[in-house]
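Have a look at target-v4.txt below; it lists compact mmCIF, C-alpha atoms and all ligand atoms.
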# COMPACT_ATOMS: atom_id res chain seq x y z
CA MET A 168 25.62 -16.93 -10.95
CA SER A 169 25.02 -20.67 -11.31
CA ARG A 170 27.62 -23.14 -12.51
CA ASP A 171 25.58 -23.76 -15.63
CA TRP A 172 25.48 -20.07 -16.54
CA ILE A 173 29.20 -19.52 -16.03
CA LEU A 174 29.94 -22.52 -18.22
CA THR A 175 27.54 -21.42 -20.95
CA ILE A 176 29.10 -17.96 -21.09
CA LEU A 177 32.60 -19.45 -21.23
CA ILE A 178 31.59 -21.82 -24.04
CA MET A 179 30.06 -18.93 -26.00
CA LEU A 180 33.28 -16.94 -25.54
CA GLY A 181 35.27 -19.96 -26.72
CA LEU A 182 33.05 -20.23 -29.77
CA VAL A 183 33.42 -16.59 -30.81
CA ALA A 184 37.15 -16.53 -30.06
CA GLY A 185 37.59 -19.76 -32.04
CA ILE A 186 35.91 -18.25 -35.10
CA VAL A 187 37.96 -15.03 -34.88
CA VAL A 188 41.27 -16.78 -34.29
CA GLY A 189 40.49 -19.37 -36.98
CA GLU A 190 39.76 -16.71 -39.57
CA MET A 191 42.94 -14.79 -38.65
CA LEU A 192 44.90 -18.01 -38.94
CA TYR A 193 43.36 -18.83 -42.30
CA ASP A 194 44.26 -15.39 -43.68
CA ALA A 195 47.78 -15.58 -42.31
CA GLY A 196 48.41 -19.08 -43.63
CA TYR A 197 47.13 -18.66 -47.13
CA ASN A 198 48.01 -15.09 -47.93
CA ALA A 199 51.65 -15.28 -47.06
CA ASN A 200 54.22 -16.31 -49.64
CA ASP A 201 56.63 -16.95 -46.86
CA PRO A 202 57.16 -20.72 -46.21
CA SER A 203 57.83 -20.16 -42.50
CA SER A 204 54.38 -18.61 -42.11
CA VAL A 205 52.80 -21.60 -43.86
CA HIS A 206 54.73 -23.83 -41.48
CA ALA A 207 53.50 -21.82 -38.47
CA HIS A 208 49.93 -22.10 -39.82
CA ALA A 209 50.18 -25.90 -39.98
CA GLY A 210 51.74 -25.97 -36.49
CA ALA A 211 48.92 -23.89 -34.97
CA LEU A 212 46.30 -26.08 -36.69
CA GLY A 213 48.04 -29.15 -35.26
CA ILE A 214 47.81 -27.76 -31.71
CA PHE A 215 44.12 -26.88 -32.11
CA GLU A 216 43.39 -30.33 -33.52
CA PHE A 217 45.18 -31.96 -30.61
CA VAL A 218 43.31 -29.96 -27.97
CA GLY A 219 39.92 -30.13 -29.69
CA VAL A 220 39.84 -33.55 -31.28
CA SER A 221 42.25 -35.67 -29.27
CA VAL A 222 41.62 -34.23 -25.80
CA PHE A 223 38.09 -32.75 -25.67
CA MET A 224 36.33 -35.05 -28.15
CA GLY A 225 38.44 -37.96 -26.94
CA LEU A 226 37.19 -37.50 -23.37
CA LEU A 227 33.57 -37.34 -24.51
CA LYS A 228 33.97 -40.37 -26.78
CA MET A 229 35.58 -42.30 -23.93
CA LEU A 230 32.28 -42.07 -22.04
CA ILE A 231 29.97 -43.15 -24.87
CA ILE A 232 29.98 -46.95 -24.63
CA PRO A 233 29.62 -47.31 -20.83
CA LEU A 234 27.04 -44.53 -20.88
CA VAL A 235 25.01 -46.11 -23.67
CA ALA A 236 25.01 -49.48 -21.87
CA SER A 237 24.06 -48.11 -18.45
CA SER A 238 21.50 -45.58 -19.70
CA VAL A 239 19.71 -48.14 -21.86
CA ILE A 240 19.63 -50.66 -19.00
CA VAL A 241 18.36 -48.05 -16.52
CA GLY A 242 15.80 -46.79 -19.08
CA VAL A 243 14.40 -50.16 -20.11
CA THR A 244 14.24 -51.58 -16.59
CA SER A 245 12.34 -48.54 -15.37
CA VAL A 246 9.77 -48.81 -18.17
CA GLY A 247 9.32 -52.38 -17.08
CA ASP A 248 6.50 -53.88 -19.04
CA PHE A 249 6.97 -55.29 -22.55
CA SER A 250 3.91 -53.94 -24.29
CA ARG A 251 4.56 -50.42 -23.01
CA LEU A 252 8.14 -50.73 -24.21
CA GLY A 253 6.89 -51.87 -27.64
CA ARG A 254 4.53 -48.91 -27.91
CA ILE A 255 7.25 -46.45 -26.92
CA GLY A 256 9.66 -48.07 -29.40
CA ALA A 257 7.15 -47.87 -32.25
CA ALA A 258 6.33 -44.22 -31.49
CA THR A 259 10.04 -43.41 -31.38
CA LEU A 260 10.75 -44.98 -34.77
CA PHE A 261 7.71 -43.27 -36.28
CA TYR A 262 8.93 -39.90 -34.97
CA TYR A 263 12.44 -40.48 -36.38
CA PHE A 264 11.25 -41.33 -39.90
CA ALA A 265 8.47 -38.74 -40.08
CA THR A 266 10.75 -35.87 -39.06
CA MET A 267 13.53 -36.99 -41.39
CA MET A 268 11.08 -37.11 -44.31
CA ILE A 269 9.82 -33.60 -43.48
CA ALA A 270 13.42 -32.37 -43.38
CA VAL A 271 14.15 -33.91 -46.79
CA ILE A 272 11.07 -32.29 -48.33
CA ILE A 273 12.10 -28.87 -46.98
CA GLY A 274 15.56 -29.40 -48.49
CA LEU A 275 14.13 -30.39 -51.87
CA VAL A 276 11.81 -27.39 -52.03
CA ILE A 277 14.69 -25.03 -51.28
CA VAL A 278 17.22 -26.56 -53.65
CA THR A 279 14.80 -26.74 -56.56
CA THR A 280 13.71 -23.15 -55.94
CA ILE A 281 17.02 -21.35 -55.49
CA ARG A 282 18.96 -23.71 -57.83
CA PRO A 283 22.46 -23.20 -56.38
CA GLY A 284 23.98 -25.69 -58.84
CA ASP A 285 23.05 -23.48 -61.82
CA GLU A 286 24.79 -20.61 -60.07
CA LEU A 287 27.95 -22.68 -59.64
CA ALA A 288 27.92 -23.82 -63.27
CA LYS A 289 27.51 -20.20 -64.36
CA THR A 290 30.20 -18.63 -62.18
CA ALA A 291 32.89 -21.30 -62.06
CA ASN A 292 34.54 -23.92 -64.18
CA VAL A 293 33.05 -27.04 -62.59
CA ALA A 294 35.47 -29.45 -64.30
CA GLN A 295 38.47 -27.45 -63.10
CA LEU A 296 37.10 -27.12 -59.56
CA MET A 297 36.62 -30.89 -59.49
CA GLN A 298 40.14 -31.46 -60.76
CA GLU A 299 41.54 -29.30 -57.94
CA GLN A 300 39.74 -31.41 -55.35
CA GLN A 301 41.01 -34.84 -56.49
CA THR A 302 42.67 -35.47 -53.16
CA ASP A 303 43.30 -38.66 -51.21
CA SER A 304 40.57 -37.83 -48.75
CA LEU A 305 38.03 -37.48 -51.58
CA ARG A 306 39.11 -40.83 -52.99
CA GLU A 307 38.75 -42.42 -49.56
CA ILE A 308 35.25 -41.01 -49.11
CA THR A 309 34.02 -42.01 -52.56
CA ASP A 310 35.61 -45.48 -52.31
CA ARG A 311 33.90 -46.14 -48.97
CA GLY A 312 30.61 -44.82 -50.30
CA GLU A 313 30.91 -46.90 -53.50
CA VAL A 314 31.44 -50.07 -51.49
CA MET A 315 28.15 -49.39 -49.67
CA ALA A 316 26.28 -48.34 -52.80
CA GLU A 317 27.49 -51.22 -54.99
CA ALA A 318 26.62 -53.77 -52.37
CA GLY A 319 22.98 -52.73 -52.81
CA ILE A 320 20.11 -52.33 -50.44
CA MET A 321 20.17 -55.95 -49.17
CA ALA A 322 23.79 -55.65 -48.17
CA ALA A 323 22.99 -52.39 -46.38
CA VAL A 324 20.22 -54.16 -44.45
CA ARG A 325 22.56 -57.08 -43.68
CA ASN A 326 25.19 -54.65 -42.45
CA LEU A 327 22.67 -52.88 -40.23
CA VAL A 328 21.38 -56.15 -38.78
CA GLY A 329 24.98 -57.30 -38.35
CA GLN A 330 25.66 -54.20 -36.27
CA MET A 331 22.51 -54.75 -34.26
CA ILE A 332 23.39 -58.38 -33.51
CA PRO A 333 27.14 -58.42 -32.96
CA THR A 334 28.51 -61.92 -32.59
CA ASN A 335 30.85 -60.61 -29.92
CA ILE A 336 29.52 -57.86 -27.68
CA VAL A 337 32.97 -57.12 -26.26
CA GLU A 338 34.27 -56.57 -29.79
CA ALA A 339 31.34 -54.23 -30.53
CA MET A 340 32.19 -52.30 -27.38
CA ALA A 341 35.88 -52.23 -28.21
CA LYS A 342 35.14 -50.99 -31.72
CA GLY A 343 32.81 -48.34 -30.33
CA GLN A 344 29.74 -49.60 -32.25
CA PRO A 345 26.82 -48.19 -30.28
CA LEU A 346 24.03 -49.99 -32.16
CA GLY A 347 25.20 -53.42 -31.03
CA VAL A 348 25.61 -52.19 -27.46
CA ILE A 349 22.10 -50.67 -27.53
CA CYS A 350 20.47 -53.88 -28.76
CA PHE A 351 22.39 -56.08 -26.34
CA SER A 352 21.49 -53.75 -23.46
CA ILE A 353 17.78 -53.68 -24.37
CA PHE A 354 17.71 -57.50 -24.50
CA PHE A 355 19.69 -57.77 -21.26
CA ALA A 356 17.45 -55.25 -19.47
CA VAL A 357 14.23 -56.91 -20.62
CA ILE A 358 15.43 -60.20 -19.10
CA VAL A 359 16.53 -58.42 -15.92
CA THR A 360 12.94 -57.23 -15.43
CA THR A 361 11.79 -60.86 -15.39
CA LEU A 362 14.14 -61.77 -12.51
CA GLY A 363 12.08 -60.12 -9.80
CA ASP A 364 13.95 -59.29 -6.60
CA LYS A 365 17.16 -60.91 -7.81
CA GLY A 366 17.32 -58.37 -10.65
CA LYS A 367 17.25 -55.39 -8.30
CA ILE A 368 20.95 -55.54 -7.58
CA ILE A 369 21.68 -55.27 -11.30
CA VAL A 370 19.36 -52.30 -11.71
CA GLU A 371 20.91 -50.57 -8.70
CA PHE A 372 24.40 -51.27 -9.96
CA PHE A 373 23.74 -49.78 -13.40
CA SER A 374 21.88 -46.80 -11.90
CA ALA A 375 24.97 -46.05 -9.84
CA VAL A 376 27.23 -46.50 -12.89
CA PHE A 377 24.97 -44.11 -14.80
CA GLU A 378 25.17 -41.49 -12.02
CA VAL A 379 28.96 -41.73 -11.97
CA LEU A 380 29.16 -41.33 -15.74
CA MET A 381 26.85 -38.30 -15.61
CA ARG A 382 29.21 -36.69 -13.09
CA MET A 383 32.12 -37.50 -15.38
CA VAL A 384 30.26 -35.69 -18.20
CA VAL A 385 29.84 -32.63 -15.95
CA ALA A 386 33.55 -32.69 -15.17
CA VAL A 387 34.56 -33.03 -18.83
CA MET A 388 32.29 -30.12 -19.74
CA TRP A 389 34.53 -27.75 -17.78
CA LEU A 390 36.97 -28.32 -20.62
CA ALA A 391 34.32 -27.40 -23.18
CA PRO A 392 35.21 -23.68 -23.47
CA VAL A 393 38.78 -24.56 -24.46
CA GLY A 394 37.67 -27.56 -26.52
CA VAL A 395 35.05 -25.55 -28.42
CA PHE A 396 37.57 -22.77 -29.01
CA ALA A 397 40.16 -25.20 -30.39
CA LEU A 398 37.66 -27.05 -32.60
CA LEU A 399 36.28 -23.85 -34.11
CA ALA A 400 39.75 -22.37 -34.66
CA TRP A 401 40.86 -25.65 -36.29
CA THR A 402 37.82 -25.77 -38.60
CA ILE A 403 37.73 -22.11 -39.63
CA GLY A 404 41.53 -21.97 -39.80
CA ARG A 405 41.43 -24.61 -42.57
CA ILE A 406 38.38 -23.46 -44.49
CA GLY A 407 38.02 -19.70 -43.96
CA LEU A 408 34.75 -17.78 -43.86
CA ALA A 409 35.08 -16.56 -47.45
CA VAL A 410 33.43 -19.80 -48.66
CA PHE A 411 30.10 -18.14 -47.90
CA VAL A 412 30.68 -15.67 -50.71
CA GLY A 413 32.50 -18.10 -53.04
CA PRO A 414 30.96 -19.91 -56.05
CA ALA A 415 29.24 -22.43 -53.76
CA GLY A 416 28.00 -19.75 -51.33
CA LYS A 417 24.41 -20.10 -52.51
CA PHE A 418 24.55 -23.84 -51.83
CA ILE A 419 25.94 -23.33 -48.32
CA ILE A 420 23.37 -20.65 -47.51
CA GLY A 421 20.54 -22.74 -49.02
CA SER A 422 21.54 -25.76 -46.91
CA LEU A 423 21.73 -23.65 -43.76
CA LEU A 424 18.39 -22.04 -44.58
CA GLY A 425 16.76 -25.48 -44.85
CA ILE A 426 18.37 -26.65 -41.62
CA GLY A 427 17.26 -23.38 -39.97
CA ILE A 428 13.64 -23.76 -41.10
CA HIS A 429 13.52 -27.34 -39.89
CA ALA A 430 15.23 -26.68 -36.57
CA LEU A 431 13.69 -23.33 -35.71
CA ILE A 432 10.17 -23.66 -37.12
CA VAL A 433 9.18 -27.27 -37.87
CA LEU A 434 10.67 -29.11 -34.88
CA PRO A 435 9.54 -26.41 -32.40
CA LEU A 436 6.01 -26.65 -33.82
CA ILE A 437 6.05 -30.45 -33.49
CA LEU A 438 7.32 -30.14 -29.91
CA TRP A 439 4.70 -27.56 -29.06
CA ILE A 440 1.84 -29.58 -30.53
CA PHE A 441 2.81 -33.11 -29.47
CA GLY A 442 5.00 -32.42 -26.45
CA ARG A 443 2.98 -29.51 -25.03
CA THR A 444 6.29 -27.84 -24.26
CA ASN A 445 7.59 -24.34 -24.86
CA PRO A 446 10.14 -25.25 -27.56
CA PHE A 447 12.47 -22.32 -27.17
CA ARG A 448 12.62 -22.72 -23.43
CA PHE A 449 13.56 -26.37 -23.98
CA MET A 450 16.14 -25.34 -26.58
CA PHE A 451 17.62 -22.96 -24.05
CA GLN A 452 17.69 -25.66 -21.38
CA ILE A 453 19.75 -27.98 -23.58
CA ARG A 454 21.99 -25.22 -25.00
CA GLN A 455 25.23 -26.88 -23.90
CA ALA A 456 24.42 -29.99 -25.93
CA LEU A 457 23.66 -27.88 -29.00
CA LEU A 458 26.89 -25.91 -28.63
CA THR A 459 28.86 -29.13 -28.20
CA ALA A 460 27.25 -30.53 -31.36
CA LEU A 461 28.19 -27.38 -33.24
CA ALA A 462 31.82 -27.65 -32.24
CA THR A 463 32.36 -31.42 -32.42
CA ASP A 464 30.37 -32.24 -35.61
CA SER A 465 29.45 -35.49 -33.94
CA SER A 466 26.09 -36.62 -32.54
CA SER A 467 27.81 -39.56 -30.87
CA ALA A 468 30.46 -37.49 -29.12
CA THR A 469 27.70 -35.09 -28.01
CA LEU A 470 25.48 -37.90 -26.68
CA PRO A 471 26.78 -37.78 -23.09
CA VAL A 472 26.05 -34.03 -22.96
CA THR A 473 22.63 -34.50 -24.60
CA ILE A 474 21.63 -37.04 -21.97
CA GLU A 475 22.92 -34.79 -19.18
CA CYS A 476 21.16 -31.64 -20.40
CA THR A 477 17.81 -33.23 -21.27
CA THR A 478 17.53 -35.11 -17.97
CA GLU A 479 19.06 -32.49 -15.64
CA TYR A 480 17.61 -29.32 -17.13
CA GLY A 481 15.08 -30.30 -19.80
CA GLY A 482 12.81 -32.37 -17.57
CA VAL A 483 13.05 -35.56 -19.65
CA GLY A 484 12.76 -38.72 -17.56
CA LYS A 485 15.84 -40.94 -17.34
CA GLU A 486 13.82 -43.93 -18.50
CA THR A 487 12.93 -42.24 -21.80
CA ALA A 488 16.19 -40.39 -22.38
CA GLY A 489 17.98 -43.63 -21.58
CA PHE A 490 17.13 -45.32 -24.84
CA VAL A 491 15.50 -42.68 -27.08
CA LEU A 492 18.69 -40.58 -27.14
CA PRO A 493 21.31 -43.31 -27.78
CA LEU A 494 19.14 -44.77 -30.55
CA GLY A 495 18.47 -41.29 -31.96
CA SER A 496 22.15 -40.41 -32.07
CA THR A 497 22.80 -43.27 -34.49
CA ILE A 498 19.50 -43.39 -36.44
CA ASN A 499 17.70 -40.05 -36.30
CA MET A 500 19.51 -37.44 -38.41
CA ASP A 501 17.22 -34.73 -39.70
CA GLY A 502 20.00 -32.32 -40.65
CA THR A 503 21.94 -35.02 -42.49
CA ALA A 504 18.86 -36.23 -44.42
CA LEU A 505 18.07 -32.68 -45.50
CA TYR A 506 21.66 -32.05 -46.53
CA GLU A 507 21.98 -35.27 -48.54
CA ALA A 508 18.91 -34.30 -50.58
CA VAL A 509 20.12 -30.73 -51.14
CA ALA A 510 23.63 -31.88 -52.05
CA ALA A 511 22.47 -34.55 -54.53
CA VAL A 512 20.21 -32.13 -56.39
CA PHE A 513 22.87 -29.40 -56.24
CA LEU A 514 25.38 -31.70 -57.92
CA ALA A 515 22.80 -32.71 -60.54
CA GLN A 516 22.23 -29.02 -61.33
CA ALA A 517 25.98 -28.32 -61.44
CA PHE A 518 26.42 -31.09 -64.04
CA GLY A 519 23.41 -29.92 -66.05
CA VAL A 520 21.17 -32.88 -65.16
CA GLU A 521 17.46 -32.06 -64.87
CA LEU A 522 15.76 -34.37 -62.37
CA SER A 523 12.17 -35.51 -62.92
CA MET A 524 9.60 -35.85 -60.13
CA THR A 525 10.32 -39.61 -59.93
CA GLN A 526 14.02 -38.96 -59.52
CA LEU A 527 13.31 -36.39 -56.81
CA ILE A 528 11.28 -39.02 -54.97
CA ILE A 529 14.24 -41.42 -55.29
CA VAL A 530 16.44 -38.68 -53.81
CA ALA A 531 13.97 -38.21 -50.93
CA VAL A 532 13.82 -41.91 -50.04
CA THR A 533 17.53 -42.65 -50.44
CA ALA A 534 18.54 -39.46 -48.60
CA THR A 535 16.50 -40.60 -45.60
CA LEU A 536 18.00 -44.10 -45.70
CA ALA A 537 21.49 -42.69 -46.23
CA ALA A 538 21.04 -40.50 -43.14
CA VAL A 539 19.92 -43.51 -41.09
CA GLY A 540 23.01 -45.38 -42.30
CA ALA A 541 25.37 -42.49 -41.49
CA ALA A 542 27.25 -42.81 -38.21
CA GLY A 543 27.15 -39.93 -35.74
CA ILE A 544 30.67 -38.83 -36.59
CA PRO A 545 32.12 -35.89 -38.59
CA SER A 546 31.43 -36.00 -42.35
CA ALA A 547 29.66 -39.38 -42.20
CA GLY A 548 26.89 -37.89 -44.34
CA LEU A 549 29.34 -37.20 -47.12
CA VAL A 550 30.20 -40.90 -47.42
CA THR A 551 26.58 -42.02 -47.59
CA LEU A 552 25.85 -39.26 -50.13
CA VAL A 553 27.48 -41.60 -52.67
CA ILE A 554 24.48 -43.95 -52.21
CA VAL A 555 22.05 -41.16 -53.10
CA ILE A 556 24.05 -40.13 -56.18
CA ASP A 557 24.39 -43.74 -57.35
CA SER A 558 20.64 -44.34 -57.00
CA VAL A 559 19.84 -41.25 -59.04
CA ASN A 560 22.38 -42.26 -61.68
CA GLY A 561 20.84 -45.74 -61.70
CA SER A 562 17.41 -44.29 -62.45
CA LEU A 563 18.92 -42.10 -65.19
CA GLY A 564 20.73 -45.11 -66.65
CA THR A 565 23.95 -43.05 -66.89
CA THR A 566 26.68 -41.70 -64.65
CA ALA A 567 25.70 -38.16 -65.50
CA ILE A 568 26.40 -37.03 -61.93
CA PRO A 569 30.00 -38.10 -61.24
CA VAL A 570 30.53 -39.36 -57.71
CA ALA A 571 33.82 -37.47 -57.71
CA GLY A 572 31.64 -34.34 -57.90
CA ILE A 573 31.52 -34.66 -54.12
CA GLY A 574 34.91 -32.94 -54.39
CA LEU A 575 32.98 -29.74 -55.09
CA ILE A 576 31.63 -29.73 -51.55
CA LEU A 577 34.36 -31.58 -49.70
CA GLY A 578 36.43 -28.50 -48.94
CA PHE A 579 33.78 -26.74 -46.86
CA ASP A 580 31.61 -29.70 -45.79
CA ARG A 581 32.71 -29.36 -42.20
CA ILE A 582 31.08 -25.94 -41.89
CA ILE A 583 27.69 -27.32 -42.96
CA ASP A 584 28.34 -30.43 -40.87
CA MET A 585 28.46 -28.23 -37.77
CA PHE A 586 24.91 -27.06 -38.37
CA ARG A 587 23.44 -30.36 -39.53
CA THR A 588 24.85 -32.02 -36.41
CA VAL A 589 23.08 -29.38 -34.27
CA ALA A 590 19.83 -30.19 -36.11
CA ASN A 591 20.45 -33.93 -35.58
CA VAL A 592 20.98 -33.51 -31.84
CA TRP A 593 18.07 -31.07 -31.51
CA GLY A 594 15.82 -33.57 -33.34
CA ASP A 595 16.89 -36.32 -30.89
CA ALA A 596 16.18 -34.11 -27.89
CA VAL A 597 12.76 -33.02 -29.22
CA GLY A 598 11.94 -36.70 -29.82
CA ALA A 599 12.94 -37.60 -26.27
CA LYS A 600 10.75 -34.83 -24.84
CA ILE A 601 7.72 -35.87 -26.91
CA ILE A 602 8.12 -39.58 -26.24
CA ASP A 603 8.60 -38.83 -22.55
CA ARG A 604 5.27 -37.06 -22.44
CA LEU A 605 3.51 -39.81 -24.38
CA ALA A 606 5.07 -42.47 -22.14
CA LYS A 607 3.91 -40.70 -18.98
CA ASP A 608 0.32 -40.32 -20.20
N1 LIG B 1 28.26 -35.26 -38.35
C1 LIG B 1 26.91 -35.72 -38.38
C2 LIG B 1 26.51 -36.23 -37.00
O1 LIG B 1 27.33 -36.68 -36.25
C3 LIG B 1 26.68 -36.76 -39.43
C4 LIG B 1 26.86 -36.15 -40.80
O2 LIG B 1 25.92 -35.56 -41.31
O3 LIG B 1 27.94 -36.20 -41.36
O4 LIG B 1 25.36 -36.17 -36.64

The structure given in the file should be rewritten as structure tokens.
Ligand code: ASP
Amino acid sequence: MSRDWILTILIMLGLVAGIVVGEMLYDAGYNANDPSSVHAHAGALGIFEFVGVSVFMGLLKMLIIPLVASSVIVGVTSVGDFSRLGRIGAATLFYYFATMMIAVIIGLVIVTTIRPGDELAKTANVAQLMQEQQTDSLREITDRGEVMAEAGIMAAVRNLVGQMIPTNIVEAMAKGQPLGVICFSIFFAVIVTTLGDKGKIIVEFFSAVFEVLMRMVVAVMWLAPVGVFALLAWTIGRIGLAVFVGPAGKFIIGSLLGIGIHALIVLPLILWIFGRTNPFRFMFQIRQALLTALATDSSSATLPVTIECTTEYGGVGKETAGFVLPLGSTINMDGTALYEAVAAVFLAQAFGVELSMTQLIIVAVTATLAAVGAAGIPSAGLVTLVIVIDSVNGSLGTTAIPVAGIGLILGFDRIIDMFRTVANVWGDAVGAKIIDRLAKD
């Protein structure tokens, strides 16, 4: 059996064991009246968080910045000519926005059809549920979101441009801001291609750095079975699987249905038509990246694995993967865009607000922009959801949908986040495969 197969089986075992252990832990921690059992529950969660977040995700995150820099430099220098680079860049951005818009529309059709917010309003006391969720973490999320929303669209653009043009590239690297590193590396690589023979040493150097980092990814992935187990046990151990049948169950299932339709029907069709590739074979080839996304809830932390799987097994050229994937992991978020739209309309329904067609269009546009603005880290989409809610409220001329209503979904967001992150990473990989084919033609 190949190394890849053994690892995949171990990761799958870790995943299942993590869910089982997490659910057992959840039951034990919350059903017992005994304080020592509650203490043991918190202790076990702490260990899982340490192994999953600090060790496994930490190792992956450690590789991101050098990997982004070297892969973009290798990618851009191998494309070489400017006009070709421009065409590839334009096609990439078009793919990102078109697929995010499709995802949003799927989300809107589902949420306006199954109306999960009405269900919540019928079966639970929304005001009381909200009261129970007034925690510090909710306040932190809404405060951060409000700062973005209040600053307005110009400030959001300024912030984006500020990230793309960091005044100090070392600071951007130190702060782990990939967008600045991507832009600097594209600029750097374009100039390297104009150096002729002198530039070769730089290209060779970064190719070697890239190879080393890829081997480091392979090494870190041997920890994935344990990391995935710990992350799943930590997540399920805090939330419990009963949320699926709770008052918001219809919302969770509706969101997952939308993500499923987009990831399993729409994106495969797009890949089949424009990439002339068997989509499910490709999905299978990059399975480790998708499993890592599911466990880590982070497109950025998964990026090293996405690059490794698409180039090693998925047949995507290094030159395309090199910059389509890093850019995609920060900009292209189909799952997040879909979720933001579903969540905004769900909250409107829960608070008895009927949205007109114009307001649904506002939701569609702001959900896409909010997804672009969301970082590839856990729960980032929840912060930018504030922007969508504020825009809808602005068009209503009231605050009929309270931002604190996000509390209604905060408790189980991480479960949906797992799946939207998979859709985000899958969308990036499909984009890389399509652009690779277009670039080679
Ligand atoms: N966790 C998502 C990602 O990293 C972003 C989000 O939707 O919160 O892709």

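The space between atom CA of Gly407 of chain A and atom CA of Ile419 of chain A spans 13.3 Å.
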
Using all atoms listed in the file, I'd like a table of the residues in chain A that come within 10 Å of ligand LIG 1 (chain B); for each, show the closest atom pair and its distance in Å rounded to one decimal, ordered by chain and ascending number, as CSV.
residue,atom,partner,partner_atom,distance
A:Ala460,CA,B:LIG1,O1,7.9
A:Leu461,CA,B:LIG1,N1,9.4
A:Thr463,CA,B:LIG1,N1,8.2
A:Asp464,CA,B:LIG1,N1,4.6
A:Ser465,CA,B:LIG1,O1,3.4
A:Ser466,CA,B:LIG1,O1,3.9
A:Ser467,CA,B:LIG1,O1,6.1
A:Ala468,CA,B:LIG1,O1,7.8
A:Thr469,CA,B:LIG1,O1,8.4
A:Leu470,CA,B:LIG1,O1,9.8
A:Gly495,CA,B:LIG1,O4,9.8
A:Ser496,CA,B:LIG1,O4,7.0
A:Thr497,CA,B:LIG1,O4,7.8
A:Ile498,CA,B:LIG1,O4,9.3
A:Asn499,CA,B:LIG1,O4,8.6
A:Met500,CA,B:LIG1,O4,6.2
A:Asp501,CA,B:LIG1,O4,8.8
A:Gly502,CA,B:LIG1,O2,6.8
A:Thr503,CA,B:LIG1,O2,4.2
A:Ala504,CA,B:LIG1,O2,7.7
A:Leu505,CA,B:LIG1,O2,9.4
A:Tyr506,CA,B:LIG1,O2,7.6
A:Glu507,CA,B:LIG1,O2,8.2
A:Ala537,CA,B:LIG1,O2,9.7
A:Ala538,CA,B:LIG1,O2,7.2
A:Val539,CA,B:LIG1,C3,9.7
A:Gly540,CA,B:LIG1,C3,9.8
A:Ala541,CA,B:LIG1,C3,6.2
A:Ala542,CA,B:LIG1,C3,6.2
A:Gly543,CA,B:LIG1,O1,3.3
A:Ile544,CA,B:LIG1,O1,4.0
A:Pro545,CA,B:LIG1,N1,3.9
A:Ser546,CA,B:LIG1,O3,3.6
A:Ala547,CA,B:LIG1,O3,3.7
A:Gly548,CA,B:LIG1,O3,3.6
A:Leu549,CA,B:LIG1,O3,6.0
A:Val550,CA,B:LIG1,O3,8.0
A:Thr551,CA,B:LIG1,O3,8.6
A:Leu552,CA,B:LIG1,O3,9.5
A:Asp580,CA,B:LIG1,O3,8.7
A:Arg581,CA,B:LIG1,N1,8.3
A:Ile583,CA,B:LIG1,O2,8.6
A:Asp584,CA,B:LIG1,N1,5.4
A:Met585,CA,B:LIG1,N1,7.1
A:Phe586,CA,B:LIG1,N1,8.9
A:Arg587,CA,B:LIG1,O2,6.0
A:Thr588,CA,B:LIG1,O4,4.2
A:Val589,CA,B:LIG1,O4,7.5
A:Ala590,CA,B:LIG1,O4,8.2
A:Asn591,CA,B:LIG1,O4,5.5
A:Val592,CA,B:LIG1,O4,7.0

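Among A:Ile576, A:Leu252, A:Ile403, A:Val555, the residue with the shortest atom-to-atom distance to Val491 of chain A, counting only C-alpha atoms, is A:Leu252.
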
**Item:** segment 372-385 of chain A surroundings by only C-alpha atoms, 12 Å radius, close-in-sequence under 5 positions cut, as a VMD selection string
**Value:** chain A and resid 170 to 171 174 223 to 224 226 to 245 352 355 to 356 359 366 to 367 390 to 391 455 to 456 468 to 479 485 to 486 489

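For the residues A:Phe518, A:Ile528, A:Ala508, A:Ser523, ranking by smallest atom-to-atom distance to Ala567 of chain A using only C-alpha atoms places A:Phe518 first.
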
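The space separating atom CA of Gly425 of chain A from atom CA of Pro283 of chain A comes to 13.1 Å.
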
**Request:** Take atom CA of Pro414 of chain A and atom CA of Ala517 of chain A and report the distance between them in Å, one decimal.
**Result:** 11.2 Å

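Taking all atoms listed in the file into account, Val370 of chain A lies nearest to A:Gly247 out of the set A:Phe215, A:Gly247, A:Pro333, A:Leu458.
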
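Ranking A:Thr361, A:Val276, A:Val597, A:Ile255 by their shortest atom-to-atom distance to Trp439 of chain A, with all atoms listed in the file included, puts A:Val597 first.
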
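The smallest atom-to-atom distance between Ile406 of chain A and any of A:Val218, A:Ile349, A:Ile186, A:Val271, using only C-alpha atoms, is found for A:Ile186.
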
**Asked** Hey, which of A:Val410, A:Ile453, A:Val433, A:Leu182 ends up closest to Gly482 of chain A? Count all atoms listed in the file.
**Response** A:Ile453

**Message:** Show me, as a VMD selection string, the residues that have an atom within 12 Å of Gly421 of chain A when counting all atoms listed in the file, minus same-chain residues fewer than 4 positions from it.
**Reply:** chain A and resid 273 to 284 411 415 to 417 425 to 428 505 to 506 508 to 510 512 to 513 583
